[in-house]
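Peer 1: This one is query_37.txt, compact mmCIF, N, CA and C atoms.
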# COMPACT_ATOMS: atom_id res chain seq x y z
N MET A 1 0.84 -1.18 0.00
CA MET A 1 0.00 0.00 0.00
C MET A 1 0.88 1.24 0.00
N ARG A 2 0.57 2.17 -0.88
CA ARG A 2 1.36 3.39 -1.01
C ARG A 2 1.00 4.34 0.13
N THR A 3 2.02 4.94 0.75
CA THR A 3 1.77 5.85 1.87
C THR A 3 2.00 7.31 1.49
N SER A 4 2.56 7.57 0.33
CA SER A 4 2.77 8.95 -0.09
C SER A 4 2.48 9.07 -1.57
N ALA A 5 2.28 10.29 -2.00
CA ALA A 5 1.99 10.54 -3.41
C ALA A 5 3.24 10.35 -4.24
N PRO A 6 3.09 9.95 -5.51
CA PRO A 6 4.26 9.82 -6.36
C PRO A 6 4.91 11.18 -6.56
N HIS A 7 6.22 11.17 -6.77
CA HIS A 7 6.98 12.41 -6.92
C HIS A 7 6.61 13.17 -8.18
N ASP A 8 6.12 12.48 -9.19
CA ASP A 8 5.80 13.14 -10.45
C ASP A 8 4.32 13.50 -10.56
N ALA A 9 3.60 13.48 -9.44
CA ALA A 9 2.17 13.80 -9.48
C ALA A 9 1.98 15.27 -9.80
N SER A 10 1.01 15.55 -10.68
CA SER A 10 0.71 16.93 -11.03
C SER A 10 -0.16 17.55 -9.95
N PRO A 11 -0.20 18.88 -9.88
CA PRO A 11 -1.05 19.53 -8.88
C PRO A 11 -2.52 19.13 -9.09
N VAL A 12 -3.25 19.09 -8.01
CA VAL A 12 -4.66 18.70 -8.08
C VAL A 12 -5.47 19.83 -8.71
N ASP A 13 -6.30 19.47 -9.66
CA ASP A 13 -7.20 20.41 -10.30
C ASP A 13 -8.19 20.91 -9.25
N PRO A 14 -8.42 22.24 -9.14
CA PRO A 14 -9.35 22.75 -8.13
C PRO A 14 -10.75 22.15 -8.23
N ALA A 15 -11.24 21.92 -9.44
CA ALA A 15 -12.58 21.32 -9.59
C ALA A 15 -12.58 19.89 -9.05
N SER A 16 -11.51 19.14 -9.32
CA SER A 16 -11.41 17.78 -8.81
C SER A 16 -11.33 17.78 -7.29
N ALA A 17 -10.56 18.72 -6.75
CA ALA A 17 -10.43 18.81 -5.29
C ALA A 17 -11.77 19.14 -4.64
N THR A 18 -12.52 20.04 -5.25
CA THR A 18 -13.83 20.40 -4.72
C THR A 18 -14.79 19.22 -4.78
N LEU A 19 -14.81 18.54 -5.92
CA LEU A 19 -15.67 17.37 -6.06
C LEU A 19 -15.29 16.31 -5.04
N ASP A 20 -13.99 16.09 -4.84
CA ASP A 20 -13.53 15.12 -3.86
C ASP A 20 -13.98 15.51 -2.45
N GLU A 21 -13.93 16.81 -2.14
CA GLU A 21 -14.36 17.28 -0.83
C GLU A 21 -15.86 17.04 -0.64
N VAL A 22 -16.65 17.34 -1.65
CA VAL A 22 -18.10 17.13 -1.57
C VAL A 22 -18.41 15.65 -1.43
N LEU A 23 -17.73 14.80 -2.21
CA LEU A 23 -17.96 13.36 -2.10
C LEU A 23 -17.57 12.84 -0.72
N GLY A 24 -16.49 13.38 -0.16
CA GLY A 24 -16.09 13.00 1.20
C GLY A 24 -17.15 13.39 2.22
N LEU A 25 -17.71 14.59 2.07
CA LEU A 25 -18.78 15.04 2.96
C LEU A 25 -20.03 14.17 2.78
N LEU A 26 -20.31 13.79 1.55
CA LEU A 26 -21.45 12.92 1.26
C LEU A 26 -21.28 11.56 1.94
N GLU A 27 -20.05 11.02 1.89
CA GLU A 27 -19.77 9.76 2.58
C GLU A 27 -19.94 9.91 4.08
N GLN A 28 -19.42 11.03 4.64
CA GLN A 28 -19.55 11.26 6.07
C GLN A 28 -21.01 11.38 6.48
N ALA A 29 -21.80 12.03 5.63
CA ALA A 29 -23.23 12.18 5.92
C ALA A 29 -23.99 10.88 5.71
N ASP A 30 -23.34 9.91 5.08
CA ASP A 30 -23.94 8.59 4.82
C ASP A 30 -25.26 8.72 4.07
N LEU A 31 -25.23 9.50 2.96
CA LEU A 31 -26.42 9.69 2.13
C LEU A 31 -26.24 9.01 0.79
N SER A 32 -27.29 8.34 0.34
CA SER A 32 -27.28 7.79 -1.02
C SER A 32 -27.60 8.92 -1.98
N ALA A 33 -27.41 8.68 -3.26
CA ALA A 33 -27.72 9.68 -4.27
C ALA A 33 -29.21 10.03 -4.23
N THR A 34 -30.06 9.03 -4.08
CA THR A 34 -31.51 9.28 -4.02
C THR A 34 -31.87 10.08 -2.78
N GLU A 35 -31.27 9.74 -1.65
CA GLU A 35 -31.53 10.49 -0.43
C GLU A 35 -31.11 11.95 -0.58
N LEU A 36 -29.98 12.17 -1.19
CA LEU A 36 -29.51 13.54 -1.41
C LEU A 36 -30.46 14.30 -2.32
N ARG A 37 -30.92 13.65 -3.37
CA ARG A 37 -31.85 14.29 -4.30
C ARG A 37 -33.18 14.62 -3.61
N VAL A 38 -33.68 13.71 -2.78
CA VAL A 38 -34.92 13.97 -2.03
C VAL A 38 -34.71 15.14 -1.08
N LEU A 39 -33.61 15.13 -0.36
CA LEU A 39 -33.32 16.20 0.59
C LEU A 39 -33.20 17.55 -0.10
N LEU A 40 -32.54 17.58 -1.24
CA LEU A 40 -32.44 18.82 -2.01
C LEU A 40 -33.82 19.30 -2.48
N ALA A 41 -34.62 18.37 -2.95
CA ALA A 41 -35.94 18.72 -3.48
C ALA A 41 -36.85 19.27 -2.38
N VAL A 42 -36.89 18.63 -1.21
CA VAL A 42 -37.77 19.12 -0.15
C VAL A 42 -37.25 20.41 0.45
N ARG A 43 -35.95 20.62 0.37
CA ARG A 43 -35.37 21.89 0.83
C ARG A 43 -35.83 23.03 -0.07
N GLU A 44 -35.90 22.76 -1.36
CA GLU A 44 -36.30 23.78 -2.32
C GLU A 44 -37.79 24.09 -2.26
N CYS A 45 -38.63 23.07 -2.10
CA CYS A 45 -40.08 23.29 -2.19
C CYS A 45 -40.79 23.27 -0.84
N ARG A 46 -40.05 23.14 0.25
CA ARG A 46 -40.58 23.10 1.62
C ARG A 46 -41.25 21.77 1.94
N GLU A 47 -42.28 21.41 1.20
CA GLU A 47 -42.98 20.14 1.40
C GLU A 47 -43.41 19.60 0.06
N ALA A 48 -43.40 18.29 -0.05
CA ALA A 48 -43.87 17.65 -1.28
C ALA A 48 -44.34 16.25 -0.94
N THR A 49 -45.28 15.76 -1.74
CA THR A 49 -45.74 14.38 -1.55
C THR A 49 -44.73 13.42 -2.19
N ILE A 50 -44.82 12.18 -1.78
CA ILE A 50 -43.95 11.16 -2.37
C ILE A 50 -44.19 11.08 -3.87
N ALA A 51 -45.46 11.15 -4.27
CA ALA A 51 -45.79 11.09 -5.70
C ALA A 51 -45.19 12.27 -6.46
N GLU A 52 -45.27 13.47 -5.88
CA GLU A 52 -44.68 14.65 -6.54
C GLU A 52 -43.16 14.52 -6.67
N LEU A 53 -42.53 14.06 -5.60
CA LEU A 53 -41.08 13.89 -5.64
C LEU A 53 -40.67 12.83 -6.66
N ALA A 54 -41.44 11.75 -6.72
CA ALA A 54 -41.14 10.70 -7.70
C ALA A 54 -41.21 11.25 -9.11
N GLU A 55 -42.20 12.08 -9.37
CA GLU A 55 -42.34 12.66 -10.71
C GLU A 55 -41.21 13.64 -11.01
N VAL A 56 -40.93 14.53 -10.08
CA VAL A 56 -39.89 15.55 -10.29
C VAL A 56 -38.51 14.91 -10.42
N LEU A 57 -38.24 13.89 -9.62
CA LEU A 57 -36.93 13.25 -9.61
C LEU A 57 -36.84 12.08 -10.58
N ASP A 58 -37.91 11.83 -11.32
CA ASP A 58 -37.96 10.73 -12.28
C ASP A 58 -37.54 9.41 -11.62
N ALA A 59 -38.22 9.12 -10.52
CA ALA A 59 -37.93 7.91 -9.74
C ALA A 59 -39.23 7.21 -9.41
N TYR A 60 -39.13 5.97 -9.00
CA TYR A 60 -40.30 5.23 -8.56
C TYR A 60 -40.71 5.70 -7.17
N PRO A 61 -42.01 5.74 -6.88
CA PRO A 61 -42.45 6.12 -5.54
C PRO A 61 -41.83 5.25 -4.44
N THR A 62 -41.58 3.97 -4.74
CA THR A 62 -40.96 3.10 -3.72
C THR A 62 -39.55 3.57 -3.39
N GLU A 63 -38.81 4.09 -4.38
CA GLU A 63 -37.47 4.62 -4.13
C GLU A 63 -37.53 5.84 -3.22
N ILE A 64 -38.50 6.71 -3.49
CA ILE A 64 -38.67 7.92 -2.70
C ILE A 64 -39.11 7.55 -1.28
N THR A 65 -40.00 6.56 -1.18
CA THR A 65 -40.47 6.11 0.13
C THR A 65 -39.30 5.59 0.97
N ARG A 66 -38.46 4.72 0.37
CA ARG A 66 -37.30 4.19 1.10
C ARG A 66 -36.36 5.30 1.54
N ALA A 67 -36.04 6.20 0.61
CA ALA A 67 -35.13 7.30 0.93
C ALA A 67 -35.76 8.20 2.00
N GLY A 68 -37.05 8.48 1.86
CA GLY A 68 -37.73 9.33 2.83
C GLY A 68 -37.76 8.73 4.22
N ARG A 69 -37.99 7.44 4.31
CA ARG A 69 -38.01 6.78 5.62
C ARG A 69 -36.64 6.87 6.29
N ARG A 70 -35.61 6.62 5.51
CA ARG A 70 -34.25 6.66 6.08
C ARG A 70 -33.91 8.08 6.53
N LEU A 71 -34.26 9.07 5.71
CA LEU A 71 -34.00 10.47 6.08
C LEU A 71 -34.81 10.87 7.31
N ALA A 72 -36.05 10.41 7.40
CA ALA A 72 -36.90 10.72 8.55
C ALA A 72 -36.34 10.08 9.83
N MET A 73 -35.87 8.84 9.74
CA MET A 73 -35.29 8.16 10.90
C MET A 73 -34.06 8.90 11.42
N ARG A 74 -33.37 9.59 10.52
CA ARG A 74 -32.17 10.34 10.91
C ARG A 74 -32.48 11.78 11.28
N GLY A 75 -33.76 12.16 11.22
CA GLY A 75 -34.16 13.50 11.60
C GLY A 75 -33.88 14.57 10.56
N LEU A 76 -33.66 14.16 9.31
CA LEU A 76 -33.33 15.13 8.26
C LEU A 76 -34.56 15.64 7.52
N ILE A 77 -35.65 14.90 7.59
CA ILE A 77 -36.92 15.37 7.02
C ILE A 77 -38.05 15.00 7.98
N ARG A 78 -39.18 15.70 7.81
CA ARG A 78 -40.42 15.37 8.53
C ARG A 78 -41.26 14.51 7.59
N TRP A 79 -41.91 13.53 8.17
CA TRP A 79 -42.74 12.60 7.41
C TRP A 79 -44.16 12.72 7.92
N HIS A 80 -45.07 13.22 7.11
CA HIS A 80 -46.48 13.34 7.48
C HIS A 80 -47.23 12.26 6.72
N HIS A 81 -47.48 11.13 7.40
CA HIS A 81 -48.09 9.97 6.75
C HIS A 81 -49.53 10.27 6.39
N GLY A 82 -49.85 10.05 5.11
CA GLY A 82 -51.20 10.28 4.64
C GLY A 82 -51.84 9.04 4.08
N GLY A 83 -51.24 7.90 4.29
CA GLY A 83 -51.81 6.64 3.79
C GLY A 83 -51.20 6.23 2.47
N ARG A 84 -51.55 6.94 1.42
CA ARG A 84 -51.03 6.62 0.09
C ARG A 84 -49.93 7.61 -0.28
N PRO A 85 -49.04 7.24 -1.21
CA PRO A 85 -47.98 8.16 -1.62
C PRO A 85 -48.50 9.53 -2.06
N ALA A 86 -49.69 9.55 -2.64
CA ALA A 86 -50.25 10.82 -3.10
C ALA A 86 -50.59 11.75 -1.94
N HIS A 87 -50.70 11.19 -0.73
CA HIS A 87 -51.10 11.99 0.42
C HIS A 87 -50.02 12.11 1.49
N THR A 88 -48.90 11.41 1.36
CA THR A 88 -47.83 11.47 2.35
C THR A 88 -46.89 12.62 2.01
N LEU A 89 -46.73 13.54 2.97
CA LEU A 89 -45.89 14.71 2.75
C LEU A 89 -44.52 14.54 3.40
N LEU A 90 -43.49 15.00 2.71
CA LEU A 90 -42.14 15.06 3.24
C LEU A 90 -41.73 16.52 3.29
N GLY A 91 -41.09 16.92 4.38
CA GLY A 91 -40.61 18.29 4.51
C GLY A 91 -39.25 18.32 5.18
N ALA A 92 -38.46 19.32 4.86
CA ALA A 92 -37.11 19.44 5.42
C ALA A 92 -37.16 19.88 6.88
N THR A 93 -36.23 19.38 7.66
CA THR A 93 -36.04 19.83 9.05
C THR A 93 -34.82 20.75 9.07
N ALA A 94 -34.58 21.40 10.20
CA ALA A 94 -33.40 22.25 10.34
C ALA A 94 -32.13 21.41 10.16
N ALA A 95 -32.14 20.19 10.68
CA ALA A 95 -30.96 19.32 10.52
C ALA A 95 -30.74 18.95 9.07
N GLY A 96 -31.82 18.72 8.34
CA GLY A 96 -31.71 18.41 6.92
C GLY A 96 -31.16 19.59 6.13
N ALA A 97 -31.66 20.79 6.44
CA ALA A 97 -31.17 21.99 5.77
C ALA A 97 -29.70 22.22 6.08
N ALA A 98 -29.29 21.98 7.32
CA ALA A 98 -27.88 22.15 7.70
C ALA A 98 -26.99 21.14 6.97
N THR A 99 -27.48 19.94 6.80
CA THR A 99 -26.71 18.91 6.07
C THR A 99 -26.50 19.33 4.63
N ILE A 100 -27.55 19.83 3.99
CA ILE A 100 -27.44 20.29 2.60
C ILE A 100 -26.49 21.47 2.51
N GLU A 101 -26.60 22.41 3.45
CA GLU A 101 -25.72 23.58 3.42
C GLU A 101 -24.25 23.16 3.53
N ALA A 102 -23.96 22.19 4.39
CA ALA A 102 -22.58 21.70 4.54
C ALA A 102 -22.06 21.10 3.24
N LEU A 103 -22.94 20.45 2.49
CA LEU A 103 -22.55 19.85 1.21
C LEU A 103 -22.42 20.90 0.11
N LEU A 104 -23.24 21.95 0.17
CA LEU A 104 -23.21 22.97 -0.87
C LEU A 104 -22.10 24.00 -0.69
N MET A 105 -21.63 24.20 0.54
CA MET A 105 -20.65 25.25 0.81
C MET A 105 -19.38 25.12 -0.04
N PRO A 106 -18.76 23.93 -0.13
CA PRO A 106 -17.56 23.84 -0.97
C PRO A 106 -17.85 24.18 -2.44
N LEU A 107 -19.04 23.82 -2.91
CA LEU A 107 -19.40 24.13 -4.29
C LEU A 107 -19.58 25.63 -4.47
N ARG A 108 -20.18 26.29 -3.49
CA ARG A 108 -20.35 27.74 -3.58
C ARG A 108 -19.00 28.44 -3.64
N TRP A 109 -18.07 27.99 -2.79
CA TRP A 109 -16.73 28.58 -2.79
C TRP A 109 -16.04 28.34 -4.13
N ALA A 110 -16.21 27.15 -4.67
CA ALA A 110 -15.54 26.81 -5.93
C ALA A 110 -16.11 27.61 -7.10
N PHE A 111 -17.43 27.82 -7.09
CA PHE A 111 -18.05 28.51 -8.21
C PHE A 111 -18.12 30.02 -8.04
N ALA A 112 -17.82 30.54 -6.86
CA ALA A 112 -17.91 31.98 -6.61
C ALA A 112 -17.09 32.79 -7.60
N PRO A 113 -15.83 32.42 -7.90
CA PRO A 113 -15.07 33.22 -8.87
C PRO A 113 -15.72 33.25 -10.25
N MET A 114 -16.31 32.14 -10.67
CA MET A 114 -16.97 32.11 -11.98
C MET A 114 -18.21 32.99 -11.98
N VAL A 115 -18.97 32.95 -10.88
CA VAL A 115 -20.17 33.78 -10.79
C VAL A 115 -19.78 35.25 -10.78
N GLU A 116 -18.76 35.60 -10.00
CA GLU A 116 -18.29 36.99 -9.95
C GLU A 116 -17.83 37.45 -11.33
N ALA A 117 -17.10 36.61 -12.03
CA ALA A 117 -16.63 36.97 -13.37
C ALA A 117 -17.81 37.17 -14.31
N HIS A 118 -18.82 36.33 -14.23
CA HIS A 118 -20.00 36.45 -15.07
C HIS A 118 -20.74 37.75 -14.77
N VAL A 119 -20.90 38.05 -13.49
CA VAL A 119 -21.59 39.29 -13.09
C VAL A 119 -20.79 40.50 -13.57
N ASP A 120 -19.46 40.45 -13.42
CA ASP A 120 -18.62 41.56 -13.86
C ASP A 120 -18.74 41.77 -15.37
N VAL A 121 -18.69 40.71 -16.15
CA VAL A 121 -18.83 40.81 -17.61
C VAL A 121 -20.21 41.35 -17.96
N SER A 122 -21.25 40.86 -17.27
CA SER A 122 -22.62 41.32 -17.54
C SER A 122 -22.78 42.80 -17.21
N ARG A 123 -22.16 43.25 -16.15
CA ARG A 123 -22.24 44.68 -15.80
C ARG A 123 -21.52 45.52 -16.85
N ARG A 124 -20.33 45.08 -17.26
CA ARG A 124 -19.57 45.85 -18.25
C ARG A 124 -20.29 45.91 -19.59
N SER A 125 -21.03 44.88 -19.90
CA SER A 125 -21.74 44.85 -21.20
C SER A 125 -23.11 45.50 -21.10
N GLY A 126 -23.50 45.95 -19.89
CA GLY A 126 -24.77 46.64 -19.72
C GLY A 126 -25.95 45.74 -19.48
N ILE A 127 -25.71 44.43 -19.34
CA ILE A 127 -26.81 43.50 -19.09
C ILE A 127 -27.36 43.69 -17.68
N LEU A 128 -26.46 43.90 -16.71
CA LEU A 128 -26.87 44.15 -15.32
C LEU A 128 -26.58 45.59 -14.96
N ALA A 129 -27.49 46.21 -14.28
CA ALA A 129 -27.27 47.57 -13.82
C ALA A 129 -26.57 47.53 -12.47
N GLY A 130 -25.80 48.56 -12.16
CA GLY A 130 -25.22 48.63 -10.83
C GLY A 130 -23.79 48.54 -10.87
Would you mind writing the file out in structure tokens?

Peer 2:
Amino acid sequence: MRTSAPHDASPVDPASATLDEVLGLLEQADLSATELRVLLAVRECREATIAELAEVLDAYPTEITRAGRRLAMRGLIRWHHGGRPAHTLLGATAAGAATIEALLMPLRWAFAPMVEAHVDVSRRSGILAG
């Protein structure tokens, strides 16, 4: 097993480093891709039914149900059981919002220079006022 980087290794690409950081945080949070997508969706819309989430995320309601149950057991979403998927509501909790924020922060830092450059170019070209 190698304990150090090879001497001829090139510097890490900032985008790769950011993606690696986000994936590391995702592993620490122990979230599946579906769970992350559900958490992001309920954070954006406040509350949604399992059926609505399945449609928006192009997933089966059973996938959303499984992900929702696991997220609810961990306190990341609220689960308002309505009997059928069309009536069961999922909503983000403060802990769920904090988890998403922790995952989004490295991406915001990584993309901030690009956003600033875009805003600066738009202002100089007259697209944005101010």

Peer 1: Pick the closest to A:His80 from A:Leu104, A:Ala95, A:Thr49, A:Asp58: which is it, counting only C-alpha atoms?

Peer 2: A:Thr49

Peer 1: Give as a list in words every residue, naming chains and numbers as the document does, that has an atom within 5 Å of (-44.0, 15.3, 1.9), counting all atoms listed in the file.

Peer 2: Glu47, Ala48, Thr49, Ile50, Thr88, Leu89, Leu90 and Gly91 of chain A

Peer 1: Let me have the centre and edge lengths of the axis-aligned box enclosing all listed atoms of stretch 73-85 of chain A with 3 Å padding on every side, in Å to one decimal, as lines of an AutoDock Vina configuration file.

Peer 2:
center_x = -42.0
center_y = 11.0
center_z = 4.8
size_x = 25.7
size_y = 15.5
size_z = 19.7

Peer 1: For A:Glu35, which residue out of A:Ala51, A:Val56, A:Val22, A:Ile64 is the nearest one, using only C-alpha atoms?

Peer 2: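 Checking each candidate against A:Glu35, we get A:Ile64 as the closest.
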
Peer 1: One decimal, Å: what's the distance from atom CA of A:Thr93 over to atom C of A:Ile77, could you say?

Peer 2: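 Value for the atom CA of A:Thr93-atom C of A:Ile77 distance: 5.3 Å.
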
Peer 1: If I put a ball of radius 9 Å at (-33.7, 18.7, 3.6) in the file's coordinates, which residues poke into it when counting only C-alpha atoms, written as a list in words?

Peer 2: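 The distance filter leaves exactly Leu36, Val38, Leu39, Leu40, Ala41, Val42, Arg43, Glu44, Arg46, Leu71, Leu76, Ile77, Arg78, Gly91, Ala92, Thr93, Ala94, Ala95, Gly96, Ala97, Ala98, Thr99 and Ile100 of chain A.
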
Peer 1: Deliver the residues from the most recent selection as a file, using N, CA and C atoms, as a PDB file, in the coordinates of the input.

Peer 2:
ATOM      1  N   LEU A  36     -29.980  12.170  -1.190  1.00  0.00           N
ATOM      2  CA  LEU A  36     -29.510  13.540  -1.410  1.00  0.00           C
ATOM      3  C   LEU A  36     -30.460  14.300  -2.320  1.00  0.00           C
ATOM      4  N   VAL A  38     -33.680  13.710  -2.780  1.00  0.00           N
ATOM      5  CA  VAL A  38     -34.920  13.970  -2.030  1.00  0.00           C
ATOM      6  C   VAL A  38     -34.710  15.140  -1.080  1.00  0.00           C
ATOM      7  N   LEU A  39     -33.610  15.130  -0.360  1.00  0.00           N
ATOM      8  CA  LEU A  39     -33.320  16.200   0.590  1.00  0.00           C
ATOM      9  C   LEU A  39     -33.200  17.550  -0.100  1.00  0.00           C
ATOM     10  N   LEU A  40     -32.540  17.580  -1.240  1.00  0.00           N
ATOM     11  CA  LEU A  40     -32.440  18.820  -2.010  1.00  0.00           C
ATOM     12  C   LEU A  40     -33.820  19.300  -2.480  1.00  0.00           C
ATOM     13  N   ALA A  41     -34.620  18.370  -2.950  1.00  0.00           N
ATOM     14  CA  ALA A  41     -35.940  18.720  -3.480  1.00  0.00           C
ATOM     15  C   ALA A  41     -36.850  19.270  -2.380  1.00  0.00           C
ATOM     16  N   VAL A  42     -36.890  18.630  -1.210  1.00  0.00           N
ATOM     17  CA  VAL A  42     -37.770  19.120  -0.150  1.00  0.00           C
ATOM     18  C   VAL A  42     -37.250  20.410   0.450  1.00  0.00           C
ATOM     19  N   ARG A  43     -35.950  20.620   0.370  1.00  0.00           N
ATOM     20  CA  ARG A  43     -35.370  21.890   0.830  1.00  0.00           C
ATOM     21  C   ARG A  43     -35.830  23.030  -0.070  1.00  0.00           C
ATOM     22  N   GLU A  44     -35.900  22.760  -1.360  1.00  0.00           N
ATOM     23  CA  GLU A  44     -36.300  23.780  -2.320  1.00  0.00           C
ATOM     24  C   GLU A  44     -37.790  24.090  -2.260  1.00  0.00           C
ATOM     25  N   ARG A  46     -40.050  23.140   0.250  1.00  0.00           N
ATOM     26  CA  ARG A  46     -40.580  23.100   1.620  1.00  0.00           C
ATOM     27  C   ARG A  46     -41.250  21.770   1.940  1.00  0.00           C
ATOM     28  N   LEU A  71     -34.260   9.070   5.710  1.00  0.00           N
ATOM     29  CA  LEU A  71     -34.000  10.470   6.080  1.00  0.00           C
ATOM     30  C   LEU A  71     -34.810  10.870   7.310  1.00  0.00           C
ATOM     31  N   LEU A  76     -33.660  14.160   9.310  1.00  0.00           N
ATOM     32  CA  LEU A  76     -33.330  15.130   8.260  1.00  0.00           C
ATOM     33  C   LEU A  76     -34.560  15.640   7.520  1.00  0.00           C
ATOM     34  N   ILE A  77     -35.650  14.900   7.590  1.00  0.00           N
ATOM     35  CA  ILE A  77     -36.920  15.370   7.020  1.00  0.00           C
ATOM     36  C   ILE A  77     -38.050  15.000   7.980  1.00  0.00           C
ATOM     37  N   ARG A  78     -39.180  15.700   7.810  1.00  0.00           N
ATOM     38  CA  ARG A  78     -40.420  15.370   8.530  1.00  0.00           C
ATOM     39  C   ARG A  78     -41.260  14.510   7.590  1.00  0.00           C
ATOM     40  N   GLY A  91     -41.090  16.920   4.380  1.00  0.00           N
ATOM     41  CA  GLY A  91     -40.610  18.290   4.510  1.00  0.00           C
ATOM     42  C   GLY A  91     -39.250  18.320   5.180  1.00  0.00           C
ATOM     43  N   ALA A  92     -38.460  19.320   4.860  1.00  0.00           N
ATOM     44  CA  ALA A  92     -37.110  19.440   5.420  1.00  0.00           C
ATOM     45  C   ALA A  92     -37.160  19.880   6.880  1.00  0.00           C
ATOM     46  N   THR A  93     -36.230  19.380   7.660  1.00  0.00           N
ATOM     47  CA  THR A  93     -36.040  19.830   9.050  1.00  0.00           C
ATOM     48  C   THR A  93     -34.820  20.750   9.070  1.00  0.00           C
ATOM     49  N   ALA A  94     -34.580  21.400  10.200  1.00  0.00           N
ATOM     50  CA  ALA A  94     -33.400  22.250  10.340  1.00  0.00           C
ATOM     51  C   ALA A  94     -32.130  21.410  10.160  1.00  0.00           C
ATOM     52  N   ALA A  95     -32.140  20.190  10.680  1.00  0.00           N
ATOM     53  CA  ALA A  95     -30.960  19.320  10.520  1.00  0.00           C
ATOM     54  C   ALA A  95     -30.740  18.950   9.070  1.00  0.00           C
ATOM     55  N   GLY A  96     -31.820  18.720   8.340  1.00  0.00           N
ATOM     56  CA  GLY A  96     -31.710  18.410   6.920  1.00  0.00           C
ATOM     57  C   GLY A  96     -31.160  19.590   6.130  1.00  0.00           C
ATOM     58  N   ALA A  97     -31.660  20.790   6.440  1.00  0.00           N
ATOM     59  CA  ALA A  97     -31.170  21.990   5.770  1.00  0.00           C
ATOM     60  C   ALA A  97     -29.700  22.220   6.080  1.00  0.00           C
ATOM     61  N   ALA A  98     -29.290  21.980   7.320  1.00  0.00           N
ATOM     62  CA  ALA A  98     -27.880  22.150   7.700  1.00  0.00           C
ATOM     63  C   ALA A  98     -26.990  21.140   6.970  1.00  0.00           C
ATOM     64  N   THR A  99     -27.480  19.940   6.800  1.00  0.00           N
ATOM     65  CA  THR A  99     -26.710  18.910   6.070  1.00  0.00           C
ATOM     66  C   THR A  99     -26.500  19.330   4.630  1.00  0.00           C
ATOM     67  N   ILE A 100     -27.550  19.830   3.990  1.00  0.00           N
ATOM     68  CA  ILE A 100     -27.440  20.290   2.600  1.00  0.00           C
ATOM     69  C   ILE A 100     -26.490  21.470   2.510  1.00  0.00           C
TER      70      ILE A 100
END
